[in-house]
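input08.cif, holding mmCIF, C-alpha atoms:
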data_coords
loop_
_atom_site.label_atom_id
_atom_site.label_comp_id
_atom_site.auth_asym_id
_atom_site.auth_seq_id
_atom_site.Cartn_x
_atom_site.Cartn_y
_atom_site.Cartn_z
CA MET G 1 -14.82 14.91 -30.37
CA THR G 2 -16.56 18.26 -30.55
CA LYS G 3 -19.53 19.03 -28.31
CA LYS G 4 -21.94 18.26 -31.17
CA GLU G 5 -20.14 15.00 -31.95
CA LEU G 6 -20.42 13.99 -28.30
CA GLU G 7 -24.15 14.69 -28.29
CA ASN G 8 -24.61 12.60 -31.44
CA PHE G 9 -22.53 9.82 -29.88
CA ILE G 10 -24.68 9.77 -26.74
CA GLU G 11 -27.87 9.71 -28.80
CA GLU G 12 -26.52 6.71 -30.70
CA CYS G 13 -25.77 5.00 -27.39
CA GLU G 14 -29.31 5.67 -26.18
CA GLY G 15 -30.71 3.97 -29.25
CA SER G 16 -28.94 0.76 -28.27
CA LEU G 17 -30.28 0.75 -24.71
CA LYS G 18 -34.05 0.59 -25.22
CA ASP G 19 -34.39 -2.92 -23.77
CA GLU G 20 -32.33 -2.07 -20.67
CA PHE G 21 -34.31 1.14 -20.09
CA ALA G 22 -37.62 -0.72 -20.49
CA MET G 23 -36.63 -3.21 -17.77
CA ILE G 24 -35.71 -0.35 -15.42
CA ASP G 25 -39.07 1.34 -16.05
CA LYS G 26 -40.92 -1.90 -15.30
CA GLN G 27 -39.09 -2.29 -12.00
CA SER G 28 -39.79 1.33 -11.11
CA PHE G 29 -43.52 0.81 -11.70
CA GLU G 30 -43.67 -2.19 -9.36
CA ASN G 31 -41.69 -0.40 -6.65
CA SER G 32 -43.98 2.62 -7.02
CA ARG G 33 -46.98 0.36 -6.56
CA ARG G 34 -45.46 -0.94 -3.31
CA VAL G 35 -44.81 2.57 -1.98
CA LEU G 36 -48.27 3.88 -2.89
CA LYS G 37 -49.96 0.94 -1.17
CA ALA G 38 -48.00 1.59 2.04
CA PHE G 39 -49.02 5.26 2.02
CA GLN G 40 -52.64 4.30 1.54
CA ASP G 41 -52.62 1.43 4.06
CA HIS G 42 -51.37 3.71 6.83
CA HIS G 43 -53.77 6.57 5.98
CA LEU G 44 -51.08 9.21 5.59
CA SER G 45 -52.67 12.66 5.83
CA MET G 46 -51.71 16.33 5.96
CA ALA G 47 -51.90 16.15 9.76
CA HIS G 48 -48.84 13.86 9.72
CA PHE G 49 -46.73 16.70 8.30
CA ASP G 50 -47.00 18.73 11.50
CA SER G 51 -43.70 19.39 13.26
CA THR G 52 -42.47 18.63 16.77
CA THR G 53 -39.58 20.24 18.64
CA GLY G 54 -37.75 19.64 21.88
CA TYR G 55 -38.15 16.05 23.05
CA GLY G 56 -40.43 15.13 20.16
CA TYR G 57 -43.03 13.27 22.20
CA ASP G 58 -46.16 12.02 20.41
CA ASP G 59 -44.95 12.80 16.90
CA LEU G 60 -47.69 10.98 14.99
CA GLY G 61 -46.24 11.86 11.59
CA ARG G 62 -42.80 10.48 12.48
CA ASP G 63 -44.33 7.27 13.84
CA THR G 64 -46.58 6.80 10.81
CA ILE G 65 -43.73 7.38 8.36
CA GLU G 66 -41.69 4.72 10.18
CA LYS G 67 -44.57 2.25 9.74
CA ILE G 68 -44.70 3.12 6.02
CA PHE G 69 -40.96 2.55 5.63
CA ALA G 70 -41.26 -0.78 7.45
CA GLN G 71 -44.00 -1.96 5.08
CA VAL G 72 -42.13 -0.81 1.98
CA LEU G 73 -38.95 -2.56 3.12
CA GLY G 74 -40.78 -5.70 4.24
CA SER G 75 -39.58 -5.42 7.84
CA GLU G 76 -41.25 -5.81 11.24
CA ASP G 77 -40.21 -2.31 12.26
CA ALA G 78 -38.14 0.67 11.14
CA LEU G 79 -36.34 3.58 12.77
CA VAL G 80 -36.31 6.51 10.33
CA ARG G 81 -34.74 9.60 11.84
CA ASN G 82 -33.25 12.93 10.87
CA GLN G 83 -31.03 12.56 13.96
CA PHE G 84 -28.91 10.15 11.92
CA ILE G 85 -26.13 12.17 10.27
CA SER G 86 -25.38 9.61 7.56
CA GLY G 87 -25.60 5.97 6.60
CA SER G 88 -22.26 5.40 8.33
CA HIS G 89 -23.69 6.95 11.50
CA ALA G 90 -26.71 4.62 11.36
CA LEU G 91 -24.40 1.64 10.86
CA THR G 92 -22.35 2.77 13.86
CA VAL G 93 -25.46 3.09 16.03
CA ALA G 94 -26.54 -0.40 15.00
CA LEU G 95 -23.14 -1.97 15.68
CA PHE G 96 -22.85 -0.39 19.12
CA ALA G 97 -26.45 -1.42 19.85
CA TYR G 98 -25.91 -5.09 19.05
CA LEU G 99 -22.32 -5.80 20.10
CA ARG G 100 -20.99 -6.13 23.66
CA PRO G 101 -17.47 -6.61 25.11
CA GLY G 102 -16.24 -10.07 24.18
CA ASP G 103 -18.47 -10.35 21.09
CA LEU G 104 -17.13 -11.15 17.64
CA MET G 105 -18.18 -9.29 14.49
CA LEU G 106 -17.53 -10.91 11.11
CA SER G 107 -17.64 -9.15 7.73
CA ILE G 108 -18.17 -11.63 4.88
CA THR G 109 -17.73 -9.04 2.12
CA GLY G 110 -14.13 -8.13 2.92
CA THR G 111 -13.05 -4.80 4.34
CA PRO G 112 -15.99 -2.44 5.01
CA TYR G 113 -16.24 1.09 3.65
CA ASP G 114 -13.49 3.50 4.73
CA THR G 115 -15.68 5.50 7.14
CA LEU G 116 -16.23 2.39 9.30
CA HIS G 117 -12.54 1.61 9.80
CA GLU G 118 -12.22 3.75 12.92
CA VAL G 119 -15.67 2.66 14.11
CA ILE G 120 -14.63 -1.00 14.09
CA GLY G 121 -11.02 -0.47 15.09
CA ILE G 122 -9.38 -1.54 11.82
CA LYS G 123 -7.78 1.87 12.19
CA GLU G 124 -7.00 2.73 15.80
CA ASN G 125 -9.44 5.02 17.58
CA PRO G 126 -10.06 5.22 21.34
CA SER G 127 -13.84 5.20 20.72
CA SER G 128 -13.88 2.17 18.42
CA LEU G 129 -15.65 -1.14 18.99
CA LYS G 130 -12.21 -2.66 19.44
CA SER G 131 -11.51 -0.28 22.34
CA PHE G 132 -14.64 -1.66 24.03
CA GLY G 133 -13.46 -5.24 23.69
CA VAL G 134 -15.35 -6.21 20.53
CA SER G 135 -13.35 -8.41 18.17
CA TYR G 136 -13.46 -8.17 14.39
CA ASP G 137 -12.62 -10.53 11.57
CA GLN G 138 -13.37 -10.67 7.88
CA ILE G 139 -13.67 -13.08 4.99
CA ASP G 140 -12.95 -11.67 1.56
CA LEU G 141 -15.11 -12.33 -1.44
CA LYS G 142 -13.97 -15.00 -3.89
CA ASP G 143 -14.45 -14.25 -7.58
CA ASP G 144 -16.89 -11.45 -6.64
CA ASP G 145 -19.09 -13.82 -4.66
CA PHE G 146 -19.30 -15.03 -1.08
CA ASP G 147 -16.60 -17.54 -0.15
CA GLU G 148 -19.21 -20.03 1.01
CA LYS G 149 -16.80 -22.77 2.10
CA GLN G 150 -14.69 -20.45 4.22
CA ILE G 151 -17.80 -18.86 5.78
CA VAL G 152 -19.19 -22.27 6.72
CA ASP G 153 -15.86 -23.39 8.17
CA TYR G 154 -15.52 -20.17 10.16
CA LEU G 155 -19.01 -20.35 11.65
CA GLN G 156 -18.48 -23.97 12.65
CA ASN G 157 -15.36 -23.02 14.61
CA HIS G 158 -16.17 -19.58 16.05
CA SER G 159 -18.94 -18.01 18.08
CA VAL G 160 -19.98 -15.02 15.97
CA LYS G 161 -22.44 -12.45 17.35
CA LEU G 162 -22.96 -10.40 14.17
CA ILE G 163 -22.32 -10.92 10.48
CA GLU G 164 -22.04 -7.79 8.38
CA ILE G 165 -22.75 -7.75 4.64
CA GLN G 166 -21.93 -4.62 2.65
CA ARG G 167 -23.73 -4.87 -0.67
CA SER G 168 -22.24 -1.86 -2.45
CA LYS G 169 -18.57 -1.97 -3.36
CA GLY G 170 -17.45 1.18 -1.57
CA TYR G 171 -14.01 2.20 -2.81
CA SER G 172 -12.99 -1.39 -3.61
CA THR G 173 -12.59 -2.96 -7.05
CA ARG G 174 -15.03 -5.81 -6.39
CA LYS G 175 -18.54 -6.08 -7.75
CA SER G 176 -21.56 -5.10 -5.70
CA ILE G 177 -23.65 -7.92 -4.27
CA THR G 178 -27.01 -8.72 -5.87
CA ILE G 179 -30.00 -9.57 -3.71
CA ASP G 180 -30.04 -13.14 -5.08
CA LYS G 181 -26.54 -13.74 -3.73
CA VAL G 182 -27.53 -12.24 -0.38
CA GLU G 183 -30.52 -14.57 -0.20
CA HIS G 184 -28.41 -17.63 -0.99
CA ILE G 185 -25.72 -16.94 1.61
CA ILE G 186 -28.29 -16.17 4.32
CA LYS G 187 -29.91 -19.58 3.73
CA THR G 188 -26.47 -21.18 4.01
CA ILE G 189 -25.68 -19.33 7.24
CA ARG G 190 -29.01 -20.26 8.81
CA LYS G 191 -28.28 -23.97 8.33
CA ILE G 192 -25.34 -23.52 10.72
CA ASP G 193 -26.35 -20.68 13.03
CA LYS G 194 -29.95 -19.57 13.53
CA LYS G 195 -29.12 -16.95 16.18
CA VAL G 196 -26.29 -14.90 14.65
CA ILE G 197 -27.43 -11.37 13.75
CA ILE G 198 -27.17 -10.82 9.99
CA MET G 199 -26.90 -7.08 9.29
CA VAL G 200 -26.86 -5.70 5.75
CA ASP G 201 -25.45 -2.34 4.72
CA ASN G 202 -27.97 -1.58 1.98
CA CYS G 203 -26.71 1.88 0.99
CA TYR G 204 -27.18 2.62 -2.75
CA CYS G 205 -29.21 -0.58 -3.24
CA GLU G 206 -32.84 0.20 -2.37
CA PHE G 207 -35.38 -0.14 -5.20
CA VAL G 208 -32.78 -1.49 -7.63
CA SER G 209 -34.65 -4.81 -7.52
CA ASP G 210 -38.02 -6.01 -6.23
CA LYS G 211 -36.60 -7.36 -2.95
CA GLU G 212 -34.78 -5.89 0.01
CA PRO G 213 -32.46 -7.79 2.42
CA VAL G 214 -34.98 -8.31 5.24
CA MET G 215 -37.34 -9.85 2.70
CA VAL G 216 -34.78 -12.60 2.06
CA GLY G 217 -33.88 -13.36 5.66
CA ALA G 218 -31.60 -10.61 6.96
CA ASP G 219 -32.29 -9.58 10.57
CA VAL G 220 -31.63 -5.90 10.03
CA MET G 221 -30.70 -3.53 7.21
CA VAL G 222 -29.33 0.00 7.22
CA GLY G 223 -29.37 2.79 4.65
CA SER G 224 -29.09 6.53 4.10
CA LEU G 225 -31.86 8.97 3.20
CA ILE G 226 -29.55 11.15 1.13
CA LYS G 227 -29.17 8.14 -1.12
CA ASN G 228 -31.91 6.06 -2.74
CA LEU G 229 -34.84 6.19 -0.33
CA GLY G 230 -34.68 9.96 0.18
CA GLY G 231 -35.49 10.57 -3.48
CA GLY G 232 -33.36 13.72 -3.50
CA ILE G 233 -35.89 15.46 -1.24
CA ALA G 234 -35.01 14.25 2.27
CA PRO G 235 -32.58 16.84 3.70
CA ASN G 236 -30.68 14.28 5.79
CA GLY G 237 -31.23 11.15 7.86
CA ALA G 238 -31.01 7.39 7.64
CA TYR G 239 -32.95 4.29 8.61
CA ILE G 240 -32.51 1.00 10.44
CA ALA G 241 -35.15 -1.61 9.57
CA GLY G 242 -35.65 -5.22 10.55
CA LYS G 243 -36.72 -7.29 13.53
CA LYS G 244 -38.60 -5.27 16.12
CA GLU G 245 -36.26 -6.07 19.02
CA LEU G 246 -33.21 -5.03 16.99
CA VAL G 247 -34.84 -1.78 15.89
CA GLU G 248 -35.70 -1.04 19.54
CA LEU G 249 -32.09 -1.66 20.63
CA ALA G 250 -30.88 0.74 17.93
CA ALA G 251 -33.40 3.36 19.04
CA GLU G 252 -32.12 3.22 22.62
CA ARG G 253 -28.56 3.62 21.37
CA LEU G 254 -29.49 6.56 19.14
CA THR G 255 -31.27 8.37 21.98
CA LEU G 256 -31.04 6.87 25.48
CA PRO G 257 -32.11 3.71 27.33
CA GLY G 258 -35.63 3.95 28.65
CA GLU G 259 -36.75 6.51 26.07
CA GLY G 260 -35.58 5.09 22.76
CA ARG G 261 -37.85 5.89 19.84
CA GLU G 262 -40.33 7.85 21.97
CA VAL G 263 -38.10 10.92 21.66
CA GLY G 264 -36.58 12.66 18.68
CA PRO G 265 -38.28 15.75 17.23
CA SER G 266 -39.11 15.72 13.54
CA LEU G 267 -38.32 19.46 13.24
CA GLY G 268 -40.54 19.82 10.18
CA VAL G 269 -39.00 17.10 8.00
CA ASN G 270 -41.91 14.65 7.97
CA LYS G 271 -43.26 15.90 4.67
CA SER G 272 -39.80 15.78 3.06
CA LEU G 273 -39.17 12.22 4.24
CA ALA G 274 -42.56 11.04 3.00
CA GLN G 275 -42.30 12.89 -0.30
CA GLY G 276 -38.75 11.64 -0.82
CA LEU G 277 -39.85 8.04 -0.37
CA PHE G 278 -42.76 8.68 -2.74
CA PHE G 279 -40.40 9.87 -5.49
CA ALA G 280 -37.66 7.34 -4.74
CA PRO G 281 -38.63 4.57 -7.21
CA SER G 282 -38.64 7.04 -10.10
CA VAL G 283 -35.42 8.76 -8.99
CA VAL G 284 -33.64 5.43 -8.58
CA ALA G 285 -34.79 4.50 -12.09
CA SER G 286 -33.28 7.73 -13.46
CA SER G 287 -30.03 6.97 -11.65
CA LEU G 288 -29.93 3.47 -13.08
CA LYS G 289 -30.53 4.73 -16.61
CA ILE G 290 -27.67 7.20 -16.27
CA ALA G 291 -25.43 4.43 -14.90
CA VAL G 292 -26.32 2.15 -17.82
CA LEU G 293 -25.75 4.95 -20.36
CA THR G 294 -22.43 5.85 -18.74
CA SER G 295 -21.31 2.23 -18.79
CA TYR G 296 -22.21 1.76 -22.44
CA ALA G 297 -20.71 5.04 -23.61
CA LEU G 298 -17.44 4.84 -21.66
CA GLU G 299 -16.85 1.24 -22.73
CA LYS G 300 -17.32 2.24 -26.37
CA LEU G 301 -14.75 4.97 -25.78
CA GLY G 302 -12.25 2.33 -24.64
CA TYR G 303 -12.45 2.54 -20.84
CA GLU G 304 -12.91 -0.31 -18.38
CA VAL G 305 -16.32 -0.16 -16.73
CA GLU G 306 -18.08 -2.14 -14.02
CA PRO G 307 -20.81 -3.18 -14.17
CA LYS G 308 -21.22 -3.61 -17.92
CA TYR G 309 -24.34 -1.98 -19.34
CA GLN G 310 -26.24 -5.28 -19.65
CA ASP G 311 -25.21 -6.72 -16.27
CA LYS G 312 -27.70 -7.33 -13.49
CA ARG G 313 -27.24 -4.45 -11.07
CA ALA G 314 -27.15 -4.43 -7.28
CA ASP G 315 -26.87 -0.67 -6.75
CA ILE G 316 -26.82 2.69 -8.52
CA VAL G 317 -23.01 2.96 -8.58
CA GLN G 318 -21.09 2.91 -11.86
CA ASN G 319 -17.33 2.39 -11.91
CA ILE G 320 -15.05 3.78 -14.61
CA CYS G 321 -11.42 2.64 -14.38
CA PHE G 322 -9.11 5.26 -15.89
CA HIS G 323 -5.64 3.96 -14.90
CA ASP G 324 -4.71 7.63 -14.95
CA ALA G 325 -5.03 10.15 -12.11
CA ASP G 326 -5.49 13.13 -14.42
CA LYS G 327 -8.37 11.51 -16.30
CA LEU G 328 -10.10 10.60 -13.04
CA ILE G 329 -9.75 14.18 -11.83
CA ARG G 330 -10.88 15.69 -15.15
CA TYR G 331 -13.94 13.44 -15.32
CA CYS G 332 -15.02 14.41 -11.80
CA GLN G 333 -14.45 18.07 -12.61
CA GLY G 334 -16.69 17.64 -15.67
CA ILE G 335 -19.46 16.19 -13.51
CA GLN G 336 -19.14 19.25 -11.27
CA LYS G 337 -19.38 21.57 -14.28
CA GLY G 338 -22.62 19.84 -15.26
CA SER G 339 -24.19 20.31 -11.83
CA PRO G 340 -26.93 22.78 -10.84
CA ILE G 341 -25.12 23.92 -7.67
CA ASP G 342 -21.52 25.18 -7.53
CA ALA G 343 -20.98 24.44 -11.21
CA PHE G 344 -18.31 27.16 -11.15
CA ALA G 345 -16.27 25.30 -8.52
CA VAL G 346 -13.34 23.08 -9.48
CA PRO G 347 -13.01 20.05 -7.19
CA GLU G 348 -9.50 18.95 -6.27
CA PRO G 349 -8.25 15.88 -4.37
CA TRP G 350 -7.95 16.50 -0.62
CA ASP G 351 -7.52 14.74 2.70
CA MET G 352 -11.04 13.96 3.90
CA PRO G 353 -11.83 12.81 7.45
CA GLY G 354 -12.32 9.03 7.57
CA TYR G 355 -10.32 8.29 4.39
CA SER G 356 -6.72 7.05 4.07
CA ASP G 357 -6.07 8.46 0.59
CA LYS G 358 -6.75 11.83 -0.93
CA VAL G 359 -10.24 11.82 -2.43
CA ILE G 360 -11.80 13.91 -5.16
CA MET G 361 -15.52 14.49 -4.86
CA ALA G 362 -17.78 16.13 -7.41
CA ALA G 363 -21.26 16.83 -6.11
CA GLY G 364 -23.07 19.98 -7.12
CA ALA G 365 -26.06 18.89 -5.11
CA PHE G 366 -29.00 20.62 -3.45
CA THR G 367 -28.28 18.55 -0.32
CA GLN G 368 -24.69 18.40 0.89
CA GLY G 369 -23.25 14.93 0.33
CA SER G 370 -26.34 13.65 -1.45
CA SER G 371 -25.30 10.80 -3.72
CA ILE G 372 -28.74 10.14 -5.17
CA GLU G 373 -28.07 13.40 -7.00
CA LEU G 374 -25.55 13.03 -9.82
CA SER G 375 -22.15 12.84 -8.21
CA CYS G 376 -18.77 11.27 -8.82
CA ASP G 377 -15.83 10.62 -6.55
CA GLY G 378 -12.80 8.44 -6.11
CA PRO G 379 -9.62 7.97 -4.11
CA ILE G 380 -6.40 9.07 -5.74
CA ARG G 381 -4.83 5.63 -5.84
CA GLU G 382 -4.30 2.92 -8.43
CA PRO G 383 -6.13 1.98 -10.58
CA PHE G 384 -7.79 5.44 -10.38
CA ILE G 385 -11.47 4.50 -10.43
CA ALA G 386 -14.31 6.98 -10.66
CA TYR G 387 -17.37 5.98 -8.64
CA GLN G 388 -20.36 7.68 -10.25
CA GLN G 389 -23.86 7.53 -8.85
CA GLY G 390 -27.20 9.30 -8.84
CA GLY G 391 -29.24 11.45 -11.15
CA LEU G 392 -32.51 13.01 -9.99
CA THR G 393 -33.82 13.02 -13.55
CA TYR G 394 -32.52 11.26 -16.61
CA GLU G 395 -32.30 14.50 -18.58
CA TYR G 396 -30.12 16.29 -16.00
CA GLY G 397 -28.00 13.17 -15.60
CA LYS G 398 -27.44 13.00 -19.34
CA LEU G 399 -26.35 16.64 -19.37
CA GLY G 400 -23.93 15.92 -16.52
CA LEU G 401 -22.46 12.96 -18.41
CA LEU G 402 -21.98 15.10 -21.52
CA SER G 403 -20.17 17.68 -19.41
CA ALA G 404 -17.87 15.00 -17.99
CA LEU G 405 -17.09 13.65 -21.46
CA GLU G 406 -16.29 17.15 -22.71
CA GLU G 407 -13.82 17.60 -19.86
CA LEU G 408 -12.33 14.17 -20.50
CA GLU G 409 -11.73 15.12 -24.13
CA LYS G 410 -9.35 17.82 -22.91
CA CYS G 411 -6.98 15.13 -21.67
CA LYS G 412 -6.37 14.10 -25.26
CA GLY G 413 -5.05 17.54 -26.02
CA ASP G 414 -2.62 17.26 -23.11
CA GLU G 415 -1.15 13.96 -24.27
#

Target encoding structure tokens, full file:
Amino acid sequence: MTKKELENFIEECEGSLKDEFAMIDKQSFENSRRVLKAFQDHHLSMAHFDSTTGYGYDDLGRDTIEKIFAQVLGSEDALVRNQFISGSHALTVALFAYLRPGDLMLSITGTPYDTLHEVIGIKENPSSLKSFGVSYDQIDLKDDDFDEKQIVDYLQNHSVKLIEIQRSKGYSTRKSITIDKVEHIIKTIRKIDKKVIIMVDNCYCEFVSDKEPVMVGADVMVGSLIKNLGGGIAPNGAYIAGKKELVELAAERLTLPGEGREVGPSLGVNKSLAQGLFFAPSVVASSLKIAVLTSYALEKLGYEVEPKYQDKRADIVQNICFHDADKLIRYCQGIQKGSPIDAFAVPEPWDMPGYSDKVIMAAGAFTQGSSIELSCDGPIREPFIAYQQGGLTYEYGKLGLLSALEELEKCKGDE
């Protein structure tokens, strides 16, 4: 197809998605209402945007923003810090805060995301949890849902300290886990073990529905601020939210015992974190619309997609299965060409730290590594899946998709 034909094709696709887009807008409105109320309830003011340096004692803005995040997420407490490098870093802090030598950690969503393999000890590392005497086991999903029978049997025969649930699919081929499924399995677990810590990796999932994991019984949840809740404005950071005692333990692991959350300078980011959260419901809605449009369009073009455009979504990630390395690479390069930053660059697969396979990553983002901005990546391995996410505005996301489709068209000329 020519560029004009592609634009006409996308406009036709949009015409078929009015009902899906209307549902996304409705959800965005309700999530915006929740955020606005939290800002108002905690009397956020200009004074809270002042900066602290050094130790960061008495940072009223930082402390108030953490209370706002806690209310928005429905948790007792929240640790929201720019000292977190990434979501994976926050997950690591949480795991090392809650697990001790001799403890057993159980993942009930199969193998966690690649960047946690060396943290846990799935891949050998002298600083892993395994090296400190923490054991790990996992139960794979069954038909893209929790294997309830196996989980029940396991908990009845093992003393598990922490259960980890990763909602987003990572670089796997499974489906992401909806909040309804999380709620159901937590109720099942609690019938057997009321003390086990249930920790949810909520990256990519915030504001996709009207509930978050701690609202449905999880003890603690973790996410990144350069994904959904940062709204494309937060320059870095992550959060840990949940029961107060668990948040406190994480704070003392992030900083040091005895000081915990009392230290940690905001370094001028308070306004960005607050403003990012304020915009987040709308930005997540834009990302979801782009994901739905991508799913609909690529399926009509003959590609395998997951989720389907009309499916209930758990996160902002859209999979496109190409079964062809060149098409995966070309599509990612097209996303890069449609980006505002480094559009002239041509991404190539390379060996990234923390990953077993070569990975191609397209992300012409204002914030390095930000995946709430339109981005696309994937490991160079069968079945060659592109993992697309983000889109700060629907219009820019649509332009990025058109750019990717233009680049994909070039593959036809090479065949």

For atom CA of Gln71 of chain G and atom CA of Gln389 of chain G, the interatomic separation in Å (one decimal) =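 Separating atom CA of Gln71 of chain G from atom CA of Gln389 of chain G is a distance of 26.3 Å.
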
inquiry  = So the first atom is atom CA of His89 of chain G and the second is atom CA of Pro281 of chain G; what is the distance between them in Å, to one decimal place?
reply    =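 Going from atom CA of His89 of chain G over to atom CA of Pro281 of chain G covers 24.1 Å.
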
message = What does the structure give for the distance between atom CA of Ile185 of chain G and atom CA of Leu162 of chain G, in Å to one decimal?
response =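 Spanning atom CA of Ile185 of chain G to atom CA of Leu162 of chain G is a straight-line distance of 14.4 Å.
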
remark   = Between G:Val182, G:Val269, G:Leu95, G:Leu73, smallest distance to Asp50 of chain G by only C-alpha atoms belongs to G:Val269

inquiry  = Running the PyMOL selection byres ((chain G and resi 20-33) around 7) on this model by hand, what would come out? Give it as a PyMOL selection string.
reply    = chain G and resi 17-19+34-37+207+209-210+281-282+285+289+310

Chain and number of each residue from the PyMOL selection byres ((chain G and resi 136) around 9), as a PyMOL selection string = chain G and resi 103-107+120-122+129-130+134-135+137-138

task = For the structure shown, which residues end up in the PyMOL selection byres ((chain G and resi 290-301) around 7)? Put them as a ChimeraX atom specification, please?
result = /G:10,13-14,286-289,302-305,308-309,316-318,389,391,394,397-398

key: Best match for closeness to Leu99 of chain G among G:Tyr55, G:Phe84, G:Phe132, G:Phe49, counting all atoms listed in the file   =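 Closest to Leu99 of chain G of all the choices is G:Phe132.
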
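Minimum atom-to-atom distance to Thr2 of chain G, evaluated using only C-alpha atoms, belongs to G:Lys410 out of G:Ala90, G:Lys410, G:Ala38, G:Gly268.
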
request  = Could you tell me which of G:Ala238, G:Ala325, G:Leu229, G:Val263 comes closest to Phe279 of chain G if we count only C-alpha atoms?
outcome  =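 Between G:Ala238, G:Ala325, G:Leu229, G:Val263, the residue approaching Phe279 of chain G most closely is G:Leu229.
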
request  = Rank G:Gly276, G:Gly170, G:Gly133, G:Gly87 by their smallest atom-to-atom distance to Ile65 of chain G, using only C-alpha atoms, and report the top residue only.
outcome  =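 Going through G:Gly276, G:Gly170, G:Gly133, G:Gly87 one by one, the smallest distance to Ile65 of chain G is for G:Gly276.
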
query = Can you tell me, as a ChimeraX atom specification, what residues are no more than 6 Å from Val200 of chain G when counting only C-alpha atoms, ignoring any on the same chain fewer than 5 positions away?
reply = /G:164-166,221

inquiry  = At a cut-off of 10 Å, using only C-alpha atoms, what residues contact Pro213 of chain G? Leave out same-chain residues fewer than 5 positions from it and give the result as a VMD selection string.
reply    = chain G and resid 73 to 75 165 167 178 to 180 182 to 183 186 198 to 202 205 to 206 218 to 222 241 to 242
